[in-house]
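Here is start08.cif, consisting of mmCIF, C-alpha atoms:
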data_data
loop_
_atom_site.group_PDB
_atom_site.id
_atom_site.type_symbol
_atom_site.label_atom_id
_atom_site.label_comp_id
_atom_site.auth_asym_id
_atom_site.auth_seq_id
_atom_site.Cartn_x
_atom_site.Cartn_y
_atom_site.Cartn_z
ATOM 1 C CA MET A 2 91.849 110.882 156.626
ATOM 2 C CA ASN A 3 92.002 107.752 154.543
ATOM 3 C CA LEU A 4 93.459 104.851 156.410
ATOM 4 C CA ILE A 5 93.311 101.105 156.496
ATOM 5 C CA SER A 6 93.073 100.152 160.155
ATOM 6 C CA THR A 7 96.307 99.743 162.084
ATOM 7 C CA LYS A 8 94.850 98.693 165.423
ATOM 8 C CA ASN A 9 96.092 95.105 165.112
ATOM 9 C CA HIS A 10 99.677 96.306 164.961
ATOM 10 C CA SER A 11 99.745 99.170 167.451
ATOM 11 C CA CYS A 12 100.800 96.933 170.349
ATOM 12 C CA HIS A 13 103.836 95.701 168.434
ATOM 13 C CA ILE A 14 105.462 99.075 167.751
ATOM 14 C CA SER A 15 109.145 98.986 168.676
ATOM 15 C CA GLU A 16 111.036 101.388 170.903
ATOM 16 C CA TYR A 17 112.886 102.484 167.757
ATOM 17 C CA LEU A 18 109.726 103.351 165.816
ATOM 18 C CA LEU A 19 107.577 104.891 168.557
ATOM 19 C CA PRO A 20 109.572 108.134 169.068
ATOM 20 C CA ARG A 21 109.955 108.559 165.313
ATOM 21 C CA ARG A 22 106.222 108.165 164.866
ATOM 22 C CA GLN A 23 105.645 110.895 167.445
ATOM 23 C CA HIS A 24 108.284 113.089 165.803
ATOM 24 C CA PHE A 25 106.538 112.602 162.448
ATOM 25 C CA ILE A 26 103.165 113.535 163.968
ATOM 26 C CA THR A 27 104.653 116.685 165.492
ATOM 27 C CA ALA A 28 106.167 117.650 162.142
ATOM 28 C CA LEU A 29 102.803 117.193 160.419
ATOM 29 C CA VAL A 30 100.967 119.273 163.017
ATOM 30 C CA ARG A 31 103.482 122.073 162.526
ATOM 31 C CA GLY A 32 103.346 121.716 158.746
ATOM 32 C CA ASP A 33 107.116 121.182 158.732
ATOM 33 C CA ALA A 34 107.873 119.261 155.542
ATOM 34 C CA GLU A 35 111.637 119.267 156.094
ATOM 35 C CA ASP A 36 111.338 117.801 159.579
ATOM 36 C CA ALA A 37 108.927 115.137 158.304
ATOM 37 C CA ALA A 38 111.392 114.246 155.549
ATOM 38 C CA GLN A 39 114.155 113.919 158.123
ATOM 39 C CA VAL A 40 112.124 111.331 160.031
ATOM 40 C CA ILE A 41 111.583 109.338 156.857
ATOM 41 C CA ASP A 42 115.298 109.551 156.059
ATOM 42 C CA GLU A 43 116.109 108.149 159.511
ATOM 43 C CA LEU A 44 113.714 105.254 158.999
ATOM 44 C CA VAL A 45 115.191 104.425 155.607
ATOM 45 C CA ALA A 46 118.739 104.663 156.995
ATOM 46 C CA GLY A 47 117.620 102.356 159.826
ATOM 47 C CA GLN A 48 116.626 99.787 157.172
ATOM 48 C CA ARG A 49 112.943 99.770 158.079
ATOM 49 C CA SER A 50 110.735 98.183 155.457
ATOM 50 C CA LEU A 51 108.178 100.112 153.429
ATOM 51 C CA LEU A 52 105.413 98.148 155.173
ATOM 52 C CA GLU A 53 106.753 99.162 158.596
ATOM 53 C CA ILE A 54 107.048 102.808 157.643
ATOM 54 C CA TYR A 55 103.547 102.868 156.186
ATOM 55 C CA LEU A 56 101.796 100.806 158.850
ATOM 56 C CA GLU A 57 103.668 101.835 162.003
ATOM 57 C CA VAL A 58 104.483 105.482 161.314
ATOM 58 C CA ILE A 59 102.580 107.153 158.480
ATOM 59 C CA ALA A 60 99.176 105.524 158.956
ATOM 60 C CA PRO A 61 98.976 106.147 162.731
ATOM 61 C CA ALA A 62 100.224 109.679 162.182
ATOM 62 C CA LEU A 63 97.366 110.368 159.809
ATOM 63 C CA VAL A 64 94.891 108.866 162.279
ATOM 64 C CA SER A 65 96.262 111.246 164.905
ATOM 65 C CA ILE A 66 95.991 114.221 162.545
ATOM 66 C CA GLY A 67 92.415 113.257 161.718
ATOM 67 C CA GLY A 68 91.581 113.057 165.414
ATOM 68 C CA SER A 69 93.110 116.475 166.043
ATOM 69 C CA TRP A 70 90.990 117.949 163.253
ATOM 70 C CA CYS A 71 87.811 116.326 164.540
ATOM 71 C CA SER A 72 88.457 117.668 168.052
ATOM 72 C CA GLY A 73 89.125 121.166 166.719
ATOM 73 C CA GLU A 74 92.790 121.230 167.766
ATOM 74 C CA ILE A 75 93.809 121.959 164.176
ATOM 75 C CA GLY A 76 91.892 123.465 161.268
ATOM 76 C CA ILE A 77 91.037 122.042 157.866
ATOM 77 C CA GLY A 78 93.950 123.931 156.325
ATOM 78 C CA GLU A 79 96.452 122.287 158.675
ATOM 79 C CA GLU A 80 94.864 118.894 158.005
ATOM 80 C CA HIS A 81 95.166 119.367 154.248
ATOM 81 C CA LEU A 82 98.784 120.512 154.556
ATOM 82 C CA ALA A 83 99.638 117.474 156.690
ATOM 83 C CA THR A 84 98.085 115.183 154.085
ATOM 84 C CA GLN A 85 100.069 116.805 151.286
ATOM 85 C CA ILE A 86 103.305 116.388 153.249
ATOM 86 C CA VAL A 87 102.486 112.702 153.696
ATOM 87 C CA ILE A 88 101.804 112.294 149.979
ATOM 88 C CA GLN A 89 105.161 113.915 149.175
ATOM 89 C CA GLN A 90 106.972 111.499 151.493
ATOM 90 C CA MET A 91 105.114 108.521 150.042
ATOM 91 C CA ASP A 92 106.231 109.598 146.571
ATOM 92 C CA ARG A 93 109.821 109.655 147.839
ATOM 93 C CA LEU A 94 109.484 106.251 149.468
ATOM 94 C CA ARG A 95 108.000 104.770 146.299
ATOM 95 C CA SER A 96 111.023 105.931 144.310
ATOM 96 C CA LEU A 97 113.361 104.395 146.896
ATOM 97 C CA PHE A 98 111.651 101.057 147.478
ATOM 98 C CA VAL A 99 109.706 100.141 144.356
ATOM 99 C CA PRO A 100 111.797 98.557 141.576
ATOM 100 C CA PRO A 101 111.781 99.720 137.932
ATOM 101 C CA PRO A 102 108.679 98.730 135.953
ATOM 102 C CA GLU A 103 110.278 96.057 133.795
ATOM 103 C CA PRO A 104 109.578 93.255 133.807
ATOM 104 C CA ARG A 105 106.497 93.044 136.003
ATOM 105 C CA SER A 106 104.272 90.141 136.895
ATOM 106 C CA PRO A 107 101.470 89.469 134.399
ATOM 107 C CA TYR A 108 99.017 89.677 137.283
ATOM 108 C CA ARG A 109 97.221 93.009 137.245
ATOM 109 C CA VAL A 110 95.791 94.619 140.386
ATOM 110 C CA LEU A 111 93.439 97.582 140.056
ATOM 111 C CA VAL A 112 93.292 99.820 143.152
ATOM 112 C CA ALA A 113 90.658 102.518 143.586
ATOM 113 C CA CYS A 114 88.466 104.443 145.987
ATOM 114 C CA VAL A 115 84.750 104.015 145.370
ATOM 115 C CA GLU A 116 82.525 106.766 144.041
ATOM 116 C CA GLY A 117 82.302 109.694 146.455
ATOM 117 C CA GLU A 118 85.343 108.582 148.477
ATOM 118 C CA GLN A 119 87.883 111.410 148.539
ATOM 119 C CA HIS A 120 90.311 109.860 151.024
ATOM 120 C CA PHE A 121 92.866 107.912 149.023
ATOM 121 C CA VAL A 122 96.078 107.644 151.054
ATOM 122 C CA GLY A 123 95.271 104.133 152.318
ATOM 123 C CA ALA A 124 94.542 102.972 148.771
ATOM 124 C CA ARG A 125 97.819 104.505 147.592
ATOM 125 C CA MET A 126 99.626 102.540 150.309
ATOM 126 C CA ILE A 127 98.083 99.304 149.060
ATOM 127 C CA ALA A 128 99.039 100.189 145.478
ATOM 128 C CA ASP A 129 102.652 100.858 146.511
ATOM 129 C CA LEU A 130 102.936 97.638 148.496
ATOM 130 C CA CYS A 131 101.541 95.686 145.541
ATOM 131 C CA LEU A 132 104.100 97.334 143.268
ATOM 132 C CA LEU A 133 106.776 96.270 145.736
ATOM 133 C CA LYS A 134 105.631 92.667 145.229
ATOM 134 C CA GLY A 135 106.268 93.024 141.502
ATOM 135 C CA TRP A 136 102.618 92.940 140.460
ATOM 136 C CA THR A 137 101.316 95.228 137.723
ATOM 137 C CA VAL A 138 99.173 97.916 139.370
ATOM 138 C CA ASP A 139 96.624 100.382 138.010
ATOM 139 C CA PHE A 140 95.861 103.058 140.617
ATOM 140 C CA LEU A 141 92.698 105.021 139.829
ATOM 141 C CA GLY A 142 92.781 107.298 142.880
ATOM 142 C CA PRO A 143 89.848 108.896 144.732
ATOM 143 C CA ASP A 144 86.175 109.179 143.806
ATOM 144 C CA THR A 145 86.129 106.699 140.922
ATOM 145 C CA PRO A 146 82.649 106.497 139.357
ATOM 146 C CA THR A 147 81.264 102.975 139.533
ATOM 147 C CA SER A 148 80.758 102.688 135.779
ATOM 148 C CA ALA A 149 84.311 103.852 135.088
ATOM 149 C CA LEU A 150 85.776 101.517 137.722
ATOM 150 C CA VAL A 151 84.014 98.463 136.310
ATOM 151 C CA GLU A 152 84.874 99.450 132.743
ATOM 152 C CA MET A 153 88.561 99.829 133.654
ATOM 153 C CA ALA A 154 88.589 96.447 135.399
ATOM 154 C CA LYS A 155 87.170 94.923 132.214
ATOM 155 C CA ARG A 156 89.351 96.866 129.772
ATOM 156 C CA ARG A 157 92.563 96.362 131.753
ATOM 157 C CA HIS A 158 91.800 92.665 132.382
ATOM 158 C CA ALA A 159 92.303 93.082 136.129
ATOM 159 C CA HIS A 160 92.824 89.829 137.992
ATOM 160 C CA LEU A 161 91.976 91.556 141.271
ATOM 161 C CA VAL A 162 90.325 94.803 142.341
ATOM 162 C CA ALA A 163 91.233 96.416 145.682
ATOM 163 C CA LEU A 164 88.682 98.944 146.941
ATOM 164 C CA SER A 165 89.053 101.493 149.736
ATOM 165 C CA VAL A 166 86.166 103.164 151.527
ATOM 166 C CA THR A 167 86.070 105.119 154.787
ATOM 167 C CA MET A 168 82.809 107.107 154.573
ATOM 168 C CA GLY A 169 79.420 105.596 155.416
ATOM 169 C CA GLN A 170 77.773 106.781 152.210
ATOM 170 C CA GLY A 171 80.286 104.735 150.252
ATOM 171 C CA MET A 172 78.748 101.415 151.298
ATOM 172 C CA ALA A 173 75.992 101.590 148.659
ATOM 173 C CA HIS A 174 78.601 102.263 145.980
ATOM 174 C CA VAL A 175 80.658 99.312 147.211
ATOM 175 C CA GLN A 176 77.713 96.965 146.828
ATOM 176 C CA ARG A 177 76.998 98.210 143.324
ATOM 177 C CA VAL A 178 80.648 97.782 142.323
ATOM 178 C CA LEU A 179 80.716 94.243 143.739
ATOM 179 C CA ASP A 180 77.538 93.280 141.898
ATOM 180 C CA GLU A 181 78.770 94.668 138.573
ATOM 181 C CA LEU A 182 82.251 93.154 138.894
ATOM 182 C CA ALA A 183 80.653 89.781 139.614
ATOM 183 C CA GLY A 184 78.914 90.076 136.244
ATOM 184 C CA LEU A 185 82.183 90.293 134.307
ATOM 185 C CA SER A 186 83.600 87.258 132.573
ATOM 186 C CA PRO A 187 85.945 86.365 134.065
ATOM 187 C CA ALA A 188 85.023 88.127 137.296
ATOM 188 C CA PRO A 189 88.037 89.542 139.150
ATOM 189 C CA ASN A 190 88.652 88.764 142.802
ATOM 190 C CA VAL A 191 88.044 91.694 145.160
ATOM 191 C CA VAL A 192 89.715 92.844 148.387
ATOM 192 C CA LEU A 193 87.909 95.482 150.446
ATOM 193 C CA GLY A 194 89.683 97.755 152.931
ATOM 194 C CA GLY A 195 89.102 100.906 154.914
ATOM 195 C CA GLN A 196 87.953 101.983 158.353
ATOM 196 C CA LEU A 197 84.301 101.592 157.410
ATOM 197 C CA PHE A 198 84.564 97.804 157.226
ATOM 198 C CA SER A 199 85.743 97.491 160.822
ATOM 199 C CA ALA A 200 82.187 98.152 162.000
ATOM 200 C CA ASN A 201 79.988 97.571 158.948
ATOM 201 C CA ALA A 202 81.372 94.514 157.164
ATOM 202 C CA SER A 203 78.136 92.603 157.706
ATOM 203 C CA SER A 204 76.187 95.191 155.736
ATOM 204 C CA VAL A 205 77.890 94.172 152.473
ATOM 205 C CA SER A 206 76.853 91.116 150.496
ATOM 206 C CA LEU A 207 80.130 89.495 149.484
ATOM 207 C CA HIS A 208 80.396 87.553 146.264
ATOM 208 C CA ARG A 209 82.670 84.587 145.679
ATOM 209 C CA GLY A 210 86.310 85.703 145.548
ATOM 210 C CA CYS A 211 85.625 88.808 147.667
ATOM 211 C CA VAL A 212 87.287 89.269 151.069
ATOM 212 C CA ILE A 213 87.784 92.042 153.629
ATOM 213 C CA ALA A 214 91.209 93.126 154.888
ATOM 214 C CA ARG A 215 91.636 94.618 158.360
ATOM 215 C CA ASP A 216 94.826 96.492 157.509
ATOM 216 C CA ALA A 217 97.390 97.035 154.761
ATOM 217 C CA ALA A 218 99.533 94.041 155.712
ATOM 218 C CA GLU A 219 96.589 91.661 155.633
ATOM 219 C CA GLY A 220 95.331 93.289 152.442
ATOM 220 C CA VAL A 221 98.545 92.615 150.545
ATOM 221 C CA ASP A 222 98.697 89.086 151.964
ATOM 222 C CA LEU A 223 95.125 88.376 150.828
ATOM 223 C CA ILE A 224 95.836 89.813 147.383
ATOM 224 C CA GLY A 225 98.802 87.478 147.022
ATOM 225 C CA LYS A 226 96.763 84.448 148.078
ATOM 226 C CA LEU A 227 93.924 85.274 145.700
ATOM 227 C CA LEU A 228 96.310 85.822 142.785
ATOM 228 C CA ARG A 229 98.027 82.500 143.435
ATOM 229 C CA ALA A 230 94.678 80.736 143.681
ATOM 230 C CA ASP A 231 93.692 82.281 140.342
ATOM 231 C CA ARG A 232 96.864 81.075 138.639
ATOM 232 C CA PRO A 233 96.057 78.805 135.678
ATOM 233 C CA LYS A 234 97.614 75.354 135.493
ATOM 234 C CA ALA A 235 100.845 75.271 133.543
ATOM 235 C CA VAL A 236 100.710 73.416 130.228
ATOM 236 C CA LEU A 237 104.068 72.032 129.082
ATOM 237 C CA LYS A 238 103.370 72.403 125.358
ATOM 238 C CA GLU A 239 102.473 76.085 125.754
ATOM 239 C CA TYR A 240 105.649 76.768 127.720
ATOM 240 C CA LEU A 241 107.795 74.974 125.140
ATOM 241 C CA LEU A 242 106.215 76.910 122.273
ATOM 242 C CA ALA A 243 106.682 80.209 124.143
ATOM 243 C CA LEU A 244 110.286 79.290 124.910
ATOM 244 C CA GLY A 245 110.888 78.509 121.258
ATOM 245 C CA ARG A 246 109.510 81.875 120.157
ATOM 246 C CA ARG A 247 111.680 83.758 122.637
ATOM 247 C CA VAL A 248 114.823 81.883 121.668
ATOM 248 C CA ARG A 249 114.140 82.528 117.978
ATOM 249 C CA ASP A 250 113.415 86.218 118.585
ATOM 250 C CA LEU A 251 116.535 86.707 120.687
ATOM 251 C CA ARG A 252 118.679 84.864 118.137
ATOM 252 C CA THR A 253 117.282 87.026 115.350
ATOM 253 C CA LYS A 254 117.965 90.210 117.312
ATOM 254 C CA LYS A 255 121.564 89.124 117.723
ATOM 255 C CA GLY A 256 121.801 88.374 114.024
ATOM 256 C CA TRP A 257 122.888 84.799 114.719
ATOM 257 C CA THR A 258 122.218 81.740 112.646
ATOM 258 C CA GLN A 259 121.095 78.551 114.359
ATOM 259 C CA GLU A 260 124.621 77.214 113.899
ATOM 260 C CA GLU A 261 126.084 80.252 115.683
ATOM 261 C CA LEU A 262 123.663 79.866 118.594
ATOM 262 C CA ALA A 263 124.506 76.186 118.799
ATOM 263 C CA GLU A 264 128.189 77.081 119.007
ATOM 264 C CA ALA A 265 127.565 79.725 121.691
ATOM 265 C CA THR A 266 125.581 77.284 123.816
ATOM 266 C CA ARG A 267 127.725 74.227 122.978
ATOM 267 C CA VAL A 268 124.780 72.127 121.848
ATOM 268 C CA THR A 269 123.938 70.667 118.434
ATOM 269 C CA ARG A 270 122.120 72.603 115.727
ATOM 270 C CA GLY A 271 119.442 69.910 115.866
ATOM 271 C CA CYS A 272 118.833 70.789 119.512
ATOM 272 C CA ILE A 273 118.372 74.475 118.619
ATOM 273 C CA VAL A 274 115.968 73.567 115.821
ATOM 274 C CA ALA A 275 113.929 71.445 118.248
ATOM 275 C CA VAL A 276 113.901 74.173 120.909
ATOM 276 C CA GLU A 277 112.739 76.860 118.478
ATOM 277 C CA GLY A 278 110.044 74.521 117.174
ATOM 278 C CA GLY A 279 108.708 73.916 120.679
ATOM 279 C CA LYS A 280 109.526 70.222 120.427
ATOM 280 C CA GLN A 281 112.453 69.990 122.843
ATOM 281 C CA ASN A 282 111.738 69.279 126.519
ATOM 282 C CA VAL A 283 114.554 71.527 127.687
ATOM 283 C CA SER A 284 116.714 70.564 130.653
ATOM 284 C CA MET A 285 117.824 73.154 133.196
ATOM 285 C CA ASN A 286 121.340 72.817 131.807
ATOM 286 C CA ILE A 287 120.271 73.842 128.297
ATOM 287 C CA LEU A 288 118.015 76.605 129.653
ATOM 288 C CA LEU A 289 120.953 78.132 131.532
ATOM 289 C CA ARG A 290 123.201 77.850 128.472
ATOM 290 C CA LEU A 291 120.626 79.682 126.367
ATOM 291 C CA ALA A 292 120.124 82.386 129.015
ATOM 292 C CA ASN A 293 123.881 82.934 129.332
ATOM 293 C CA ALA A 294 124.317 83.117 125.568
ATOM 294 C CA PHE A 295 121.679 85.872 125.347
ATOM 295 C CA SER A 296 122.722 87.586 128.623
ATOM 296 C CA VAL A 297 119.229 87.412 130.066
ATOM 297 C CA ALA A 298 117.805 85.923 133.253
ATOM 298 C CA PRO A 299 116.568 82.316 132.803
ATOM 299 C CA GLU A 300 113.057 83.276 133.934
ATOM 300 C CA VAL A 301 112.780 85.623 130.953
ATOM 301 C CA LEU A 302 112.870 82.614 128.645
ATOM 302 C CA LEU A 303 110.106 80.868 130.588
ATOM 303 C CA GLY A 304 108.065 83.851 131.780
ATOM 304 C CA SER A 305 104.884 85.284 130.381
ATOM 305 C CA THR A 306 106.572 88.456 129.177
ATOM 306 C CA GLY A 307 109.014 88.967 126.380
ATOM 307 C CA ASP A 308 110.758 91.865 128.071
ATOM 308 C CA LEU A 309 114.463 91.329 128.477
ATOM 309 C CA VAL A 310 116.204 91.525 131.814
ATOM 310 C CA LYS A 311 119.942 92.024 131.904
ATOM 311 C CA VAL A 312 121.798 89.619 134.150
ATOM 312 C CA PRO A 313 123.699 91.731 136.718
ATOM 313 C CA ARG A 314 127.455 91.604 136.454
ATOM 314 C CA ARG A 315 129.428 90.296 139.397
ATOM 315 C CA GLY A 316 129.791 92.995 141.986
ATOM 316 C CA HIS A 317 126.486 94.529 140.834
ATOM 317 C CA GLU A 318 124.021 91.969 142.155
ATOM 318 C CA ALA A 319 120.351 92.823 142.010
ATOM 319 C CA SER A 320 118.648 93.931 145.214
ATOM 320 C CA ASP A 321 116.022 91.846 147.000
ATOM 321 C CA PHE A 322 113.247 93.887 145.407
#
Any chance you could give the structure as structure tokens?
Amino acid sequence: MNLISTKNHSCHISEYLLPRRQHFITALVRGDAEDAAQVIDELVAGQRSLLEIYLEVIAPALVSIGGSWCSGEIGIGEEHLATQIVIQQMDRLRSLFVPPPEPRSPYRVLVACVEGEQHFVGARMIADLCLLKGWTVDFLGPDTPTSALVEMAKRRHAHLVALSVTMGQGMAHVQRVLDELAGLSPAPNVVLGGQLFSANASSVSLHRGCVIARDAAEGVDLIGKLLRADRPKAVLKEYLLALGRRVRDLRTKKGWTQEELAEATRVTRGCIVAVEGGKQNVSMNILLRLANAFSVAPEVLLGSTGDLVKVPRRGHEASDF
């Protein structure tokens, strides 16, 4: 089984979650996909978060299934079936919780299991929780060759690489990946997770910007902190030039002249000329007028992506995620 440790959270499980966790485990042991889906439906209807469902129900259930296999209570076939049922439910949860892909944060997180590591469910959990945060995520899955992993981090311009490893033989591959990632320019930050690090963290030589997470919750928290620390300082001139380009592009798409945009926003044509030229230090008032005229969210005009986001109509407010 592939899990990021949940031992730091086991004592906090609620009376609501505990019986549903046990019900989920029973369904997995029996290979009852419908019963397992019913448990997940109850959790969603009970407004439990994706993090709670992953960390307090699915992850401990997989640990239990792994223990039953190791003790001989269930066979390898039952263990594989249980894992596939879990993957199916995670796919469902991703479709329910994770927002559409546009627009996403410019920060890119690459999630993978090191070479030889076949257990990938914990890494998939981290990838899903990162998607929930709005970050752009590349999930490479199990058994990613070191050369391919490093090449993808370089080619995809990953700001951070999250690695999962549970098997002892994976430690040598982890060290090689860390050494090669450190040689990239710029070198991405790295978060390591998996049961192996609970006992063997000291056997890895950590480079600058590399940390170890004890569980999924801490892993996502550390990823967020490292991404924020890596954020470049904002330069006013660059933002004004980018704003000008977006305003010009949106105006052109609408087929408006500068005079027509000025009329729609109730500002002077000279103001529009200055904005599009990147010379106008725009007030919040003007920014909101421009956003309303184009029917886009204000952050689209200032963000690092040119993708358009429709402003929700009244009565159709956007969800928290």
Contact check, range 135-158 of chain A to range 213-225 of chain A, at most 12 Å, counting only C-alpha atoms, closest pairs as a tab-separated table:
residue	atom	partner	partner_atom	distance
A:Gly135	CA	A:Gly225	CA	10.8
A:Trp136	CA	A:Gly225	CA	9.4
A:Val138	CA	A:Ile224	CA	11.9
Selection under test: the PyMOL selection byres ((chain A and resi 167) around 6); residues as a list of chain:residue names: A:Val166, A:Met168, A:Gly195, A:Gln196, A:Leu197
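Comparing the minimum interatomic distances between Val175 in chain A and each of A:Arg290, A:His81, A:Arg157, A:His208, counting only C-alpha atoms, we find that A:His208 sits nearest.
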Selection dump of the PyMOL selection byres ((chain A and resi 266) around 8), as a PyMOL selection string: chain A and resi 262-265+267-268+287+290-291+294
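Among A:Ile88, A:Ile77, A:Val99, A:Leu94, the residue with the shortest atom-to-atom distance to Val45 in chain A, counting all atoms listed in the file, is A:Leu94.
You will find CA of Arg49 in chain A at 22.2 Å from CA of Ala83 in chain A.
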Non-local contacts of Asp36 in chain A (10 Å; all atoms listed in the file; under 5 positions in same chain excluded) as a list in words: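 The residues that qualify are His24, Phe25, Thr27, Ala28, Leu29, Arg31, Ile41 and Asp42 of chain A.
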CA of Tyr55 in chain A and CA of Val30 in chain A, how far apart in Å?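 Spanning CA of Val30 in chain A to CA of Tyr55 in chain A is a straight-line distance of 18.0 Å.
Here the question is which of A:Ala154, A:Val122, A:Leu130, A:Val192 gets nearest to Ser50 in chain A using only C-alpha atoms, and that residue is A:Leu130.
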Calculated over all atoms listed in the file, which of the candidates A:Ala60, A:Ala128, A:Leu161, A:Ile75 has the smallest distance to Ala230 in chain A? A:Leu161
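In this model, the gap between CA of Cys114 in chain A and CA of Pro100 in chain A comes to 24.5 Å.
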Can you patch up range 67-83 of chain A, filling it in to N, CA and C atoms, and show the result as a CSV table (one decimal), keeping the file's coordinate frame?
chain,number,residue,atom,x,y,z
A,67,GLY,N,93.9,113.3,161.9
A,67,GLY,CA,92.4,113.3,161.7
A,67,GLY,C,91.7,113.5,163.0
A,68,GLY,N,92.2,112.9,164.1
A,68,GLY,CA,91.6,113.1,165.4
A,68,GLY,C,91.7,114.5,165.9
A,69,SER,N,92.9,115.1,165.6
A,69,SER,CA,93.1,116.5,166.0
A,69,SER,C,92.2,117.4,165.3
A,70,TRP,N,91.9,117.1,164.0
A,70,TRP,CA,91.0,117.9,163.3
A,70,TRP,C,89.6,117.8,163.8
A,71,CYS,N,89.2,116.6,164.1
A,71,CYS,CA,87.8,116.3,164.5
A,71,CYS,C,87.6,117.0,165.9
A,72,SER,N,88.6,117.1,166.7
A,72,SER,CA,88.5,117.7,168.1
A,72,SER,C,88.6,119.2,168.0
A,73,GLY,N,89.0,119.7,166.8
A,73,GLY,CA,89.1,121.2,166.7
A,73,GLY,C,90.5,121.7,167.1
A,74,GLU,N,91.4,120.8,167.4
A,74,GLU,CA,92.8,121.2,167.8
A,74,GLU,C,93.5,121.8,166.6
A,75,ILE,N,93.2,121.4,165.4
A,75,ILE,CA,93.8,122.0,164.2
A,75,ILE,C,92.7,122.2,163.2
A,76,GLY,N,92.9,123.1,162.2
A,76,GLY,CA,91.9,123.5,161.3
A,76,GLY,C,92.0,122.6,160.0
A,77,ILE,N,91.1,122.8,159.1
A,77,ILE,CA,91.0,122.0,157.9
A,77,ILE,C,92.3,122.3,157.0
A,78,GLY,N,92.8,123.6,157.1
A,78,GLY,CA,94.0,123.9,156.3
A,78,GLY,C,95.2,123.2,156.8
A,79,GLU,N,95.3,123.1,158.1
A,79,GLU,CA,96.5,122.3,158.7
A,79,GLU,C,96.3,120.8,158.3
A,80,GLU,N,95.1,120.3,158.3
A,80,GLU,CA,94.9,118.9,158.0
A,80,GLU,C,95.2,118.6,156.6
A,81,HIS,N,94.8,119.5,155.7
A,81,HIS,CA,95.2,119.4,154.2
A,81,HIS,C,96.7,119.4,154.0
A,82,LEU,N,97.3,120.4,154.7
A,82,LEU,CA,98.8,120.5,154.6
A,82,LEU,C,99.5,119.2,155.0
A,83,ALA,N,99.0,118.7,156.2
A,83,ALA,CA,99.6,117.5,156.7
A,83,ALA,C,99.5,116.3,155.7
